[in-house]
$ cat start.cif   # mmCIF, C-alpha atoms
data_final
#
loop_
_atom_site.label_atom_id
_atom_site.label_comp_id
_atom_site.auth_asym_id
_atom_site.auth_seq_id
_atom_site.Cartn_x
_atom_site.Cartn_y
_atom_site.Cartn_z
CA MET N 25 -0.90 -2.46 -18.17
CA LYS N 26 -4.68 -2.23 -18.15
CA ILE N 27 -6.70 -3.67 -15.29
CA LYS N 28 -9.65 -5.49 -16.83
CA THR N 29 -10.78 -7.50 -13.83
CA ALA N 30 -10.14 -7.09 -10.11
CA ASP N 31 -11.87 -9.30 -7.58
CA PHE N 32 -11.62 -9.75 -3.84
CA VAL N 33 -10.90 -13.44 -3.17
CA THR N 34 -10.39 -14.01 0.54
CA SER N 35 -9.03 -12.74 3.83
CA ALA N 36 -6.43 -15.00 5.44
CA PRO N 37 -5.49 -14.98 9.14
CA ASP N 38 -2.29 -16.96 8.59
CA LEU N 39 -0.07 -18.56 5.95
CA ARG N 40 -2.03 -21.81 5.85
CA ALA N 41 -5.23 -19.95 4.96
CA CYS N 42 -3.69 -18.16 1.97
CA PRO N 43 -5.10 -19.10 -1.45
CA ALA N 44 -3.78 -22.36 -2.91
CA TRP N 45 -2.74 -20.93 -6.25
CA ASN N 46 0.44 -20.16 -8.16
CA LEU N 47 -0.39 -16.59 -9.07
CA PRO N 48 2.46 -14.08 -8.61
CA GLU N 49 1.60 -11.90 -5.63
CA PHE N 50 2.49 -8.25 -5.03
CA ALA N 51 2.04 -7.35 -1.39
CA LEU N 52 1.42 -3.91 0.10
CA ILE N 53 2.60 -3.15 3.62
CA GLY N 54 3.38 -0.10 5.72
CA ARG N 55 2.41 1.76 8.85
CA SER N 56 -1.27 1.72 9.68
CA ASN N 57 -3.19 4.44 7.87
CA VAL N 58 -0.45 4.98 5.29
CA GLY N 59 -2.90 4.34 2.45
CA LYS N 60 -2.64 0.66 1.49
CA SER N 61 -6.35 0.13 0.79
CA SER N 62 -6.55 3.43 -1.08
CA LEU N 63 -3.63 2.32 -3.25
CA VAL N 64 -5.36 -0.98 -4.07
CA ASN N 65 -8.37 1.02 -5.24
CA LEU N 66 -6.18 3.43 -7.21
CA LEU N 67 -4.26 0.67 -8.99
CA THR N 68 -7.38 -1.28 -9.89
CA GLY N 69 -9.54 1.71 -10.76
CA ARG N 70 -12.21 0.50 -8.33
CA ARG N 71 -13.53 2.94 -5.77
CA ALA N 72 -14.32 0.44 -3.03
CA LEU N 73 -12.58 -2.84 -3.87
CA ALA N 74 -10.55 -2.48 -0.69
CA VAL N 75 -12.22 -0.80 2.26
CA ALA N 76 -10.22 2.23 3.34
CA SER N 77 -10.62 3.51 6.87
CA ASP N 78 -9.50 6.49 8.92
CA ILE N 79 -9.13 4.16 11.91
CA PRO N 80 -5.51 2.99 12.25
CA GLY N 81 -5.07 -0.77 12.46
CA LYS N 82 -8.47 -1.66 10.97
CA THR N 83 -6.95 -4.16 8.54
CA LYS N 84 -6.28 -7.24 10.68
CA LEU N 85 -6.15 -9.94 7.99
CA MET N 86 -4.22 -10.49 4.78
CA ASN N 87 -6.61 -9.55 1.96
CA PHE N 88 -6.14 -11.14 -1.47
CA PHE N 89 -7.32 -9.58 -4.75
CA ARG N 90 -7.06 -11.44 -8.08
CA ILE N 91 -6.10 -9.08 -10.91
CA ASN N 92 -6.72 -9.85 -14.59
CA GLY N 93 -6.97 -13.50 -13.61
CA ASN N 94 -3.20 -13.99 -13.62
CA TRP N 95 -1.67 -12.11 -10.67
CA ALA N 96 -2.70 -10.82 -7.26
CA LEU N 97 -2.46 -7.84 -4.93
CA VAL N 98 -2.23 -8.60 -1.21
CA ASP N 99 -3.18 -5.93 1.32
CA LEU N 100 -1.25 -6.78 4.49
CA PRO N 101 -2.04 -5.48 8.00
CA GLY N 102 -0.27 -2.26 8.92
CA TYR N 103 2.72 -2.92 11.14
CA GLY N 104 2.15 0.06 13.41
CA TYR N 105 -0.76 -1.45 15.30
CA ALA N 106 -0.17 -5.20 14.94
CA LYS N 107 0.55 -7.30 18.00
CA VAL N 108 4.15 -8.02 18.90
CA ALA N 109 4.84 -11.68 18.10
CA THR N 110 8.54 -12.26 18.80
CA GLN N 111 11.64 -10.15 19.35
CA ASP N 112 12.67 -10.86 15.76
CA LYS N 113 9.31 -9.84 14.32
CA HIS N 114 8.44 -6.82 16.40
CA GLU N 115 5.82 -4.30 15.35
CA PHE N 116 4.03 -6.58 12.90
CA ASN N 117 2.22 -9.82 13.50
CA ARG N 118 3.45 -13.39 13.18
CA ALA N 119 1.20 -14.17 10.20
CA VAL N 120 2.66 -11.30 8.20
CA GLY N 121 6.20 -12.33 9.09
CA ASP N 122 5.51 -15.91 8.02
CA TYR N 123 3.94 -14.71 4.78
CA LEU N 124 6.90 -12.51 3.86
CA GLU N 125 9.46 -15.17 4.76
CA LYS N 126 7.75 -18.28 3.38
CA ARG N 127 5.20 -17.47 0.67
CA ARG N 128 6.77 -19.02 -2.43
CA ASN N 129 4.79 -17.09 -5.04
CA LEU N 130 5.42 -13.67 -3.48
CA ALA N 131 6.90 -11.71 -6.38
CA GLU N 132 7.53 -8.37 -4.70
CA VAL N 133 6.70 -6.32 -1.63
CA PHE N 134 5.72 -2.67 -1.90
CA VAL N 135 6.55 -0.87 1.33
CA LEU N 136 4.42 2.26 1.67
CA ILE N 137 5.95 5.31 3.34
CA ASP N 138 4.07 8.49 4.30
CA SER N 139 5.80 11.18 2.25
CA ARG N 140 4.82 13.91 4.74
CA LEU N 141 7.00 12.58 7.53
CA GLU N 142 10.65 12.51 8.44
CA PRO N 143 12.12 8.97 8.43
CA GLN N 144 10.25 6.99 11.09
CA ARG N 145 11.96 4.39 13.25
CA ILE N 146 9.17 1.85 12.74
CA ASP N 147 9.63 2.03 8.95
CA LEU N 148 13.40 1.79 9.23
CA ASP N 149 13.25 -1.17 11.63
CA PHE N 150 10.87 -2.99 9.32
CA LEU N 151 13.09 -2.40 6.28
CA ARG N 152 16.13 -3.68 8.17
CA TRP N 153 14.22 -6.88 8.87
CA LEU N 154 12.80 -7.15 5.34
CA ALA N 155 16.28 -6.74 3.85
CA GLY N 156 17.15 -10.09 5.43
CA CYS N 157 14.30 -11.86 3.65
CA ASP N 158 14.72 -13.43 0.22
CA VAL N 159 12.20 -11.18 -1.53
CA ASP N 160 12.38 -8.14 -3.78
CA PHE N 161 10.86 -4.93 -2.51
CA SER N 162 10.19 -1.36 -3.61
CA LEU N 163 9.20 1.82 -1.78
CA ILE N 164 6.05 3.80 -2.52
CA PHE N 165 5.84 7.25 -0.97
CA THR N 166 2.14 8.02 -0.48
CA LYS N 167 -0.01 11.12 0.09
CA THR N 168 2.12 13.30 -2.17
CA ASP N 169 -0.84 15.62 -2.77
CA LYS N 170 -0.33 17.00 0.74
CA HIS N 171 2.74 19.05 -0.22
CA SER N 172 4.81 20.25 -3.16
CA ALA N 173 6.90 18.12 -5.49
CA THR N 174 10.03 19.75 -4.06
CA GLN N 175 9.02 18.80 -0.52
CA THR N 176 8.28 15.25 -1.65
CA ARG N 177 11.72 14.96 -3.25
CA THR N 178 13.35 16.30 -0.09
CA ARG N 179 11.57 13.72 2.08
CA ILE N 180 12.48 10.88 -0.28
CA ASP N 181 16.14 11.92 -0.42
CA ALA N 182 16.28 12.12 3.38
CA PHE N 183 14.76 8.65 3.70
CA LEU N 184 17.11 7.11 1.12
CA ALA N 185 20.09 8.69 2.87
CA VAL N 186 19.15 6.96 6.13
CA ILE N 187 18.51 3.50 4.65
CA ALA N 188 21.78 3.67 2.73
CA ASP N 189 23.44 2.70 6.02
CA PHE N 190 22.01 -0.81 5.72
CA LEU N 191 20.93 -1.04 2.06
CA PRO N 192 23.94 -0.55 -0.24
CA GLU N 193 21.69 -0.76 -3.31
CA PRO N 194 18.62 1.50 -3.06
CA PRO N 195 15.31 -0.18 -3.93
CA PRO N 196 13.05 1.13 -6.70
CA VAL N 197 11.10 4.19 -5.58
CA PHE N 198 7.61 5.31 -6.61
CA THR N 199 5.29 8.10 -5.52
CA SER N 200 1.51 8.08 -5.39
CA SER N 201 -1.55 10.00 -4.35
CA ALA N 202 -4.98 8.41 -4.18
CA VAL N 203 -6.49 11.90 -4.04
CA ALA N 204 -4.67 13.27 -7.08
CA LYS N 205 -4.79 9.85 -8.76
CA THR N 206 -1.09 9.78 -9.57
CA GLY N 207 1.51 7.03 -9.56
CA GLU N 208 -0.65 4.14 -10.71
CA LYS N 209 0.78 4.06 -14.25
CA GLU N 210 4.37 3.84 -13.04
CA ILE N 211 3.59 1.19 -10.42
CA LEU N 212 1.54 -0.91 -12.85
CA ALA N 213 4.31 -0.64 -15.46
CA HIS N 214 6.75 -1.95 -12.87
CA ILE N 215 4.44 -4.85 -12.03
CA ALA N 216 4.07 -5.63 -15.75
CA ALA N 217 7.86 -5.69 -16.14
CA VAL N 218 8.23 -8.07 -13.20
CA LEU N 219 5.54 -10.36 -14.61
CA ALA N 220 7.20 -10.33 -18.05
CA ALA N 221 10.69 -11.11 -16.73
CA PRO N 222 11.89 -14.69 -17.16
CA SER N 223 11.61 -16.77 -14.01
CA GLY N 224 14.63 -16.38 -11.73
CA GLU N 225 15.59 -12.87 -12.89
#

$ encode --input "start.cif" --output "C-alpha cells"
Amino acid sequence: MKIKTADFVTSAPDLRACPAWNLPEFALIGRSNVGKSSLVNLLTGRRALAVASDIPGKTKLMNFFRINGNWALVDLPGYGYAKVATQDKHEFNRAVGDYLEKRRNLAEVFVLIDSRLEPQRIDLDFLRWLAGCDVDFSLIFTKTDKHSATQTRTRIDAFLAVIADFLPEPPPVFTSSAVAKTGEKEILAHIAAVLAAPSGE
C-alpha cells in the first residue's frame, strides 16, 4: 500500500465528537510514550503529521487522520496516564473505553508494546479487557532499534507466553522502529488486507 494523502481531521474528546463518517478506522493505543505519534508519522511518511512528545500523557484527545481518502488512523490517548474512569475501565479514560466498545466502523486496534521491557502489568490488564470487546486487535512491538533482533524476539516470546493464559489464539504481531524506519511495510500490508477483505470476515 502506498500512502498518497494523509490529513489531520479532528481531535475528539468523546465518542459523540468523533467524525460522522463510515471510513474504516485503525486505532493505535498503548502506554504513554510508547511511540504512537511516531508510528503515525512512520506509516504515513510525514515527519510531523502527529506531534510526538517526550512528555508522557501529552495526548489527551482521540486524534483522527484520514488516509488516502478511504480509511483512517486514530491516535488514542496513552492508557498509562489517563484518568481512572470506572473499576471496569481502569488505567485509560472513559472516552477511550466507549470508543473501543461502541465505535461501529473501528476495523482494528493496534496495541503498541515497548519491546525493551519485560511484560508490564498495565499492558496485560488492558489486553485482558480488550479481549472482551468485539474488535480485532494486533500487537506492535516498538523501539526495536534499541536492542538486537535476538533480544527483540526474546521479549516478544516472553510477552506472548504470558498472554497465552487468557488469549488462546495469539494476535498478529508486528515490530517497528521510527528511528530505523522499519515495520511500516508489514503494518500497511496488513491494513490493506483488512480493507480488501469482504465485510464480515

$ atom_distance --input "start.cif" --atom1 "CA of Ile211 (chain N)" --atom2 "CA of Ile164 (chain N)"
8.7 Å

$ resolve_selection --input "start.cif" --expression "the PyMOL selection byres ((chain N and resi 158) around 12)" --output "ChimeraX atom specification"
/N:123-133,153-157,159-161

$ resolve_selection --input "start.cif" --expression "the PyMOL selection byres ((chain N and resi 135-146) around 9)" --output "PyMOL selection string"
chain N and resi 51-55+58-60+103-104+115+133-134+147-151+161-168+170-171+175-177+179-180+182-183+186+199

$ write_last_selection --input "start.cif" --atoms "C-alpha atoms" --output "CSV table (one decimal), in the coordinates of the input"
chain,number,residue,atom,x,y,z
N,51,ALA,CA,2.0,-7.4,-1.4
N,52,LEU,CA,1.4,-3.9,0.1
N,53,ILE,CA,2.6,-3.2,3.6
N,54,GLY,CA,3.4,-0.1,5.7
N,55,ARG,CA,2.4,1.8,8.8
N,58,VAL,CA,-0.4,5.0,5.3
N,59,GLY,CA,-2.9,4.3,2.4
N,60,LYS,CA,-2.6,0.7,1.5
N,103,TYR,CA,2.7,-2.9,11.1
N,104,GLY,CA,2.2,0.1,13.4
N,115,GLU,CA,5.8,-4.3,15.4
N,133,VAL,CA,6.7,-6.3,-1.6
N,134,PHE,CA,5.7,-2.7,-1.9
N,147,ASP,CA,9.6,2.0,9.0
N,148,LEU,CA,13.4,1.8,9.2
N,149,ASP,CA,13.2,-1.2,11.6
N,150,PHE,CA,10.9,-3.0,9.3
N,151,LEU,CA,13.1,-2.4,6.3
N,161,PHE,CA,10.9,-4.9,-2.5
N,162,SER,CA,10.2,-1.4,-3.6
N,163,LEU,CA,9.2,1.8,-1.8
N,164,ILE,CA,6.0,3.8,-2.5
N,165,PHE,CA,5.8,7.2,-1.0
N,166,THR,CA,2.1,8.0,-0.5
N,167,LYS,CA,0.0,11.1,0.1
N,168,THR,CA,2.1,13.3,-2.2
N,170,LYS,CA,-0.3,17.0,0.7
N,171,HIS,CA,2.7,19.0,-0.2
N,175,GLN,CA,9.0,18.8,-0.5
N,176,THR,CA,8.3,15.2,-1.6
N,177,ARG,CA,11.7,15.0,-3.2
N,179,ARG,CA,11.6,13.7,2.1
N,180,ILE,CA,12.5,10.9,-0.3
N,182,ALA,CA,16.3,12.1,3.4
N,183,PHE,CA,14.8,8.6,3.7
N,186,VAL,CA,19.2,7.0,6.1
N,199,THR,CA,5.3,8.1,-5.5

$ atom_distance --input "start.cif" --atom1 "CA of Trp95 (chain N)" --atom2 "CA of Asp169 (chain N)"
28.8 Å

$ atom_distance --input "start.cif" --atom1 "CA of Ile27 (chain N)" --atom2 "CA of Arg40 (chain N)"
28.2 Å

$ residues_around --input "start.cif" --residues "Phe32 (chain N)" --least-positions-apart "3" --cutoff "12 Å" --atoms "all atoms listed in the file" --output "MDAnalysis selection string"
chainID N and resid 29 35:36 43 64:65 68 70 72:75 86:93 96:99

$ closest_residue --input "start.cif" --among "N:Leu67, N:Leu100, N:Val120, N:Ala173" --to "His214 (chain N)" --atoms "all atoms listed in the file"
N:Leu67

$ closest_residue --input "start.cif" --among "N:Pro194, N:Gly121, N:Gly69, N:Gly102" --to "Glu208 (chain N)" --atoms "all atoms listed in the file"
N:Gly69

$ closest_residue --input "start.cif" --among "N:Leu47, N:Leu39, N:Leu66, N:Met25" --to "Val203 (chain N)" --atoms "all atoms listed in the file"
N:Leu66

$ resolve_selection --input "start.cif" --expression "the PyMOL selection byres ((chain N and resi 219) around 10)" --output "ChimeraX atom specification"
/N:48-49,94-95,131,213-218,220-223

$ closest_residue --input "start.cif" --among "N:Leu184, N:Val33, N:Leu85, N:Leu63" --to "Ala202 (chain N)" --atoms "all atoms listed in the file"
N:Leu63
